[in-house]
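Trainee: Take this structure, written in structure tokens, and hold onto it; I'll ask about it next.
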Amino acid sequence: MKSLVTKDANNRDILVEVSEDFYINYTKMEYKEMRVNRKETRRHQSLDKSMESGFDFVDKQVDVFKEVVEKISTKALREAILKLKPSQQELIRRVYFKEEKMVDIAREEGVADSSIRHRMKRALKSLKKYLEKTATICNFRGY
């Protein structure tokens, strides 16, 4: 017979007599549990320490600066488009977002192709003017 120390309902240590087989299996289980807990604790402490030290895991497939610039550019572009005349907004929407051909738009409106190209050129010129007025971080990277 072997003796094990355990806790009672009031969290006091008590001594329990157990068989040799039970004692061996119990100590193996305790040892395994201790190793697992130690491994988990080390893993978490290691990650926490790394984060506290300013070390972070970088996703090399993501260019954060590029993502930010694209979002800023997209926002600025949307705001600039909203400042155009409604007819210019519609033309840009149809050509760039719906991917309609200017030839088809001209045919639908019953005007010459050159007329649509000229309207698009004026819309893009106005768009450029609005974007230059509201120059943002995008300009310093050449976007």
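Residues are named by chain letter and number: chains run A, B, ... in the order of the structure tokens, numbers start at 1 in each chain, and ligands are numbered from 1 in the order shown.
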Please report as a Markdown table every residue of stretch 35-141 of chain A lying within 12 Å of stretch 21-31 of chain A, along with the nearest atom pair and their distance in Å (one decimal), using only C-alpha atoms.

Mentor:
| residue | atom | partner | partner_atom | distance |
| --- | --- | --- | --- | --- |
| A:Arg35 | CA | A:Tyr31 | CA | 6.2 |
| A:Val36 | CA | A:Tyr31 | CA | 8.7 |
| A:Asn37 | CA | A:Tyr31 | CA | 9.9 |
| A:Arg38 | CA | A:Tyr31 | CA | 10.5 |

Trainee: Looking only at the backbone, which of the residues in stretch 14-143 of chain A does DSSP tag as strand (DSSP E), as a list of chain:residue names?

Mentor: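 The strand (DSSP E) subset of stretch 14-143 of chain A is A:Ile14, A:Leu15, A:Val16, A:Glu17, A:Val18.
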
Trainee: Name the residues in contact with A:Lys121 at a cut-off of 12 Å, using only C-alpha atoms, excluding same-chain residues fewer than 6 positions from it; report them as a short mmCIF file (atom, residue, chain, number, x, y, z; two decimals) with N, CA and C atoms, in the first residue's frame.

Mentor:
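Contents of part-v2.cif, as written:
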data_model
loop_
_atom_site.label_atom_id
_atom_site.label_comp_id
_atom_site.auth_asym_id
_atom_site.auth_seq_id
_atom_site.Cartn_x
_atom_site.Cartn_y
_atom_site.Cartn_z
N GLN A 88 -21.97 63.33 -65.82
CA GLN A 88 -20.59 62.84 -65.83
C GLN A 88 -20.44 61.64 -64.89
N LEU A 91 -21.81 58.64 -66.70
CA LEU A 91 -20.91 58.19 -67.76
C LEU A 91 -19.74 57.39 -67.17
N ILE A 92 -19.15 57.91 -66.11
CA ILE A 92 -18.03 57.21 -65.46
C ILE A 92 -18.51 55.87 -64.88
N MET A 102 -17.88 52.81 -74.85
CA MET A 102 -18.34 54.15 -75.21
C MET A 102 -19.11 54.13 -76.54
N SER A 114 -17.34 60.22 -80.91
CA SER A 114 -16.43 61.29 -80.47
C SER A 114 -17.09 62.17 -79.41
N SER A 115 -18.40 62.31 -79.46
CA SER A 115 -19.12 63.10 -78.46
C SER A 115 -18.98 62.47 -77.08
N LEU A 127 -12.45 65.44 -62.73
CA LEU A 127 -12.11 64.49 -61.67
C LEU A 127 -10.67 64.70 -61.20
N LYS A 128 -9.78 64.86 -62.15
CA LYS A 128 -8.36 65.11 -61.82
C LYS A 128 -8.22 66.40 -61.03
#

Trainee: So which one's closest to A:Thr74, A:Leu131, A:Lys2, A:Val16, A:Asn10? Using only C-alpha atoms, please.

Mentor: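 Answer, going by the shortest atom-to-atom distance: A:Leu131.
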
Trainee: What's the 9 Å shell around A:Thr134, counting only C-alpha atoms, without same-chain residues fewer than 5 positions away, as a PDB file with C-alpha atoms, in the first residue's frame?

Mentor:
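Generated output (out.pdb):
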ATOM      1  CA  ALA A  76     -10.927  60.283 -52.329  1.00  0.00           C
ATOM      2  CA  ALA A  80     -14.401  63.399 -56.225  1.00  0.00           C
ATOM      3  CA  LYS A 129      -8.901  68.716 -60.752  1.00  0.00           C
TER       4      LYS A 129
END
